[in-house]
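Below is one structure, written out as structure tokens; comments come after it.
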Amino acid sequence: MKKCILASALILASSTVVSADYLGLRVGGGLGTGNYLLQDTGTPETSISTDPSVVLEVGYDFNDIFAFNVKGAGANLKSNPTQDKGTIYELALEAEVGYTFLFDDDTLIKPYVAAGVVTFDKETSKMLGENSYAETARGAIGVRTILDSGIYFDGRIQSTDFTEKGKSLSSKLDLLTEGRITVGYRF
């Protein structure tokens with residue numbers, strides 16, 4: 001019985017030591033750029049274009065597979081033909097699934113897919129036909145590299161559903177697709 005308890009304790013302790021390399025809080029910032037021209041099919045001359053976005057993120061890696069992210073971003077927008085200007089603000093909550101590979105005993109590389117929900121500020125929500133804060137879906141695929149020093153680099157391609165309320169999704173016209181690069185520190 002004592003041997004069984006000792007063996008169980010050793011297994012638990014060794015798995016905790018191994019998983020400690022994979023868990024931790026991440027904080028970072030970056031830029032995103034991509035396809036930012038949304039057009040209304042009924043009036044193709046009406047479109048919205050945006051500048052590259054500025055991103056701040058906080059994430060937590062639970063183990064070598066699962067993570068959770070909270071991201072905030074902002075980008076300037078321009079509406080054509082009226083040339084109205086404004087700013088899009090978003091807050092995203094995402095779940096992430098991937099697998100973390102250990103290279104050279106100090107570099108972690110994690111390819112992943114993420115899915116979540118995005119909410120926009122009131123002005124952007126009005127543009128999408130919502131009375132309050134609009135919520136929509138987002139999907140992403142990416143790769144994160146974490147160095148032994150704790151500094152990480154995250155590159156991803158993501159698509160956000162930007163369909164107006166009451167309209168059906170047209171993947172070519174209603175998805176805001178962008179690439180994002182984030183640099184930060186994992187504690």
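Here's how to read the names in the structure tokens: chain A, B, ... by the order shown, residue numbers from 1 in each chain, ligand numbers from 1 in the order shown.
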DSSP-assigned strand (DSSP E) members of stretch 60-185 of chain A, reported as a VMD selection string: chain A and resid 60 to 61 66 to 80 84 to 98 101 to 103 107 to 120 135 to 146 151 to 161 175 to 185
Next, dump the selected residues to file, keeping only C-alpha atoms, as an mmCIF file, in the first residue's frame.
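Output contents, as saved in again.cif:
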data_model
loop_
_atom_site.group_PDB
_atom_site.id
_atom_site.type_symbol
_atom_site.label_atom_id
_atom_site.label_comp_id
_atom_site.auth_asym_id
_atom_site.auth_seq_id
_atom_site.Cartn_x
_atom_site.Cartn_y
_atom_site.Cartn_z
ATOM 1 C CA TYR A 60 -3.871 31.980 -19.872
ATOM 2 C CA ASP A 61 -2.403 28.619 -20.894
ATOM 3 C CA PHE A 66 -5.994 24.430 -23.816
ATOM 4 C CA ALA A 67 -5.874 28.217 -23.393
ATOM 5 C CA PHE A 68 -8.273 31.136 -22.932
ATOM 6 C CA ASN A 69 -7.770 34.620 -24.403
ATOM 7 C CA VAL A 70 -9.260 38.086 -23.882
ATOM 8 C CA LYS A 71 -8.403 40.560 -26.641
ATOM 9 C CA GLY A 72 -9.205 44.211 -27.185
ATOM 10 C CA ALA A 73 -8.641 46.005 -30.477
ATOM 11 C CA GLY A 74 -9.343 49.287 -32.192
ATOM 12 C CA ALA A 75 -9.174 50.484 -35.794
ATOM 13 C CA ASN A 76 -10.161 53.642 -37.650
ATOM 14 C CA LEU A 77 -12.878 53.249 -40.290
ATOM 15 C CA LYS A 78 -14.137 55.217 -43.273
ATOM 16 C CA SER A 79 -17.548 54.806 -44.920
ATOM 17 C CA ASN A 80 -17.807 55.307 -48.684
ATOM 18 C CA ASP A 84 -17.832 59.364 -42.601
ATOM 19 C CA LYS A 85 -15.035 58.479 -40.195
ATOM 20 C CA GLY A 86 -15.071 56.657 -36.893
ATOM 21 C CA THR A 87 -13.350 54.015 -34.811
ATOM 22 C CA ILE A 88 -14.245 50.345 -34.347
ATOM 23 C CA TYR A 89 -13.590 49.010 -30.841
ATOM 24 C CA GLU A 90 -13.927 45.320 -30.068
ATOM 25 C CA LEU A 91 -13.575 42.979 -27.121
ATOM 26 C CA ALA A 92 -13.115 39.257 -27.839
ATOM 27 C CA LEU A 93 -13.268 36.165 -25.618
ATOM 28 C CA GLU A 94 -11.736 33.023 -27.140
ATOM 29 C CA ALA A 95 -11.089 29.399 -26.311
ATOM 30 C CA GLU A 96 -7.974 27.931 -27.883
ATOM 31 C CA VAL A 97 -7.019 24.326 -28.638
ATOM 32 C CA GLY A 98 -3.652 23.180 -29.952
ATOM 33 C CA PHE A 101 5.866 21.184 -28.772
ATOM 34 C CA LEU A 102 9.125 21.588 -26.841
ATOM 35 C CA PHE A 103 12.235 22.290 -28.945
ATOM 36 C CA THR A 107 11.533 26.926 -26.936
ATOM 37 C CA LEU A 108 7.815 26.126 -27.023
ATOM 38 C CA ILE A 109 5.858 26.181 -30.291
ATOM 39 C CA LYS A 110 2.077 25.805 -30.286
ATOM 40 C CA PRO A 111 -0.002 25.625 -33.472
ATOM 41 C CA TYR A 112 -3.645 26.234 -32.525
ATOM 42 C CA VAL A 113 -7.209 26.957 -33.578
ATOM 43 C CA ALA A 114 -9.374 29.389 -31.640
ATOM 44 C CA ALA A 115 -13.078 30.194 -31.599
ATOM 45 C CA GLY A 116 -14.940 32.793 -29.641
ATOM 46 C CA VAL A 117 -17.317 35.694 -29.430
ATOM 47 C CA VAL A 118 -16.635 39.352 -30.239
ATOM 48 C CA THR A 119 -18.598 42.346 -28.976
ATOM 49 C CA PHE A 120 -18.367 45.807 -30.519
ATOM 50 C CA GLU A 135 -22.046 40.136 -30.528
ATOM 51 C CA THR A 136 -20.690 37.997 -33.319
ATOM 52 C CA ALA A 137 -18.486 34.940 -33.907
ATOM 53 C CA ARG A 138 -14.779 34.715 -34.663
ATOM 54 C CA GLY A 139 -12.522 31.861 -35.729
ATOM 55 C CA ALA A 140 -8.730 31.842 -35.975
ATOM 56 C CA ILE A 141 -5.752 29.644 -36.749
ATOM 57 C CA GLY A 142 -2.256 30.514 -35.580
ATOM 58 C CA VAL A 143 1.137 29.616 -34.145
ATOM 59 C CA ARG A 144 2.676 30.888 -30.900
ATOM 60 C CA THR A 145 6.387 30.641 -30.093
ATOM 61 C CA ILE A 146 7.466 31.112 -26.477
ATOM 62 C CA ILE A 151 8.880 36.473 -24.488
ATOM 63 C CA TYR A 152 6.363 35.173 -27.001
ATOM 64 C CA PHE A 153 5.467 35.825 -30.631
ATOM 65 C CA ASP A 154 1.982 34.975 -31.871
ATOM 66 C CA GLY A 155 0.975 35.001 -35.534
ATOM 67 C CA ARG A 156 -2.598 34.255 -36.590
ATOM 68 C CA ILE A 157 -5.163 34.596 -39.330
ATOM 69 C CA GLN A 158 -8.679 35.285 -38.096
ATOM 70 C CA SER A 159 -12.124 35.908 -39.555
ATOM 71 C CA THR A 160 -14.885 37.841 -37.819
ATOM 72 C CA ASP A 161 -18.532 37.673 -38.885
ATOM 73 C CA LEU A 175 -16.123 38.316 -43.091
ATOM 74 C CA LEU A 176 -13.495 40.676 -41.779
ATOM 75 C CA THR A 177 -10.321 38.610 -42.316
ATOM 76 C CA GLU A 178 -6.980 39.767 -41.000
ATOM 77 C CA GLY A 179 -3.538 38.620 -40.010
ATOM 78 C CA ARG A 180 -2.313 39.602 -36.551
ATOM 79 C CA ILE A 181 1.148 39.621 -35.016
ATOM 80 C CA THR A 182 1.402 39.921 -31.235
ATOM 81 C CA VAL A 183 4.494 40.154 -29.033
ATOM 82 C CA GLY A 184 4.323 39.804 -25.283
ATOM 83 C CA TYR A 185 5.518 38.134 -22.120
#
Atom-to-atom span, atom CA of A:Phe62 and atom CA of A:Phe187, Å: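 Atom-to-atom, atom CA of A:Phe62 and atom CA of A:Phe187 are spaced 12.7 Å apart.
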Residue list (alpha helix (DSSP H), DSSP) for stretch 70-127 of chain A, as a PyMOL selection string: chain A and resi 122-127
Could the residues in this selection be written to a file with C-alpha atoms, as a short mmCIF file (atom, residue, chain, number, x, y, z; two decimals), in the first residue's frame?
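The file below, result-v3.cif, is the result:
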data_model
loop_
_atom_site.label_atom_id
_atom_site.label_comp_id
_atom_site.auth_asym_id
_atom_site.auth_seq_id
_atom_site.Cartn_x
_atom_site.Cartn_y
_atom_site.Cartn_z
CA LYS A 122 -22.22 51.09 -29.58
CA GLU A 123 -21.40 53.02 -32.77
CA THR A 124 -20.15 49.92 -34.58
CA SER A 125 -23.14 47.98 -33.25
CA LYS A 126 -25.53 50.59 -34.71
CA MET A 127 -23.78 50.18 -38.06
#
One-decimal distance in Å that lies between atom CA of A:Val54 and atom CA of A:Leu23: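 Pair atom CA of A:Leu23 / atom CA of A:Val54 returns 25.9 Å.
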Separation of atom CA of A:Asp121 from atom CA of A:Val55 in Å: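 Separation between atom CA of A:Val55 and atom CA of A:Asp121: 15.2 Å.
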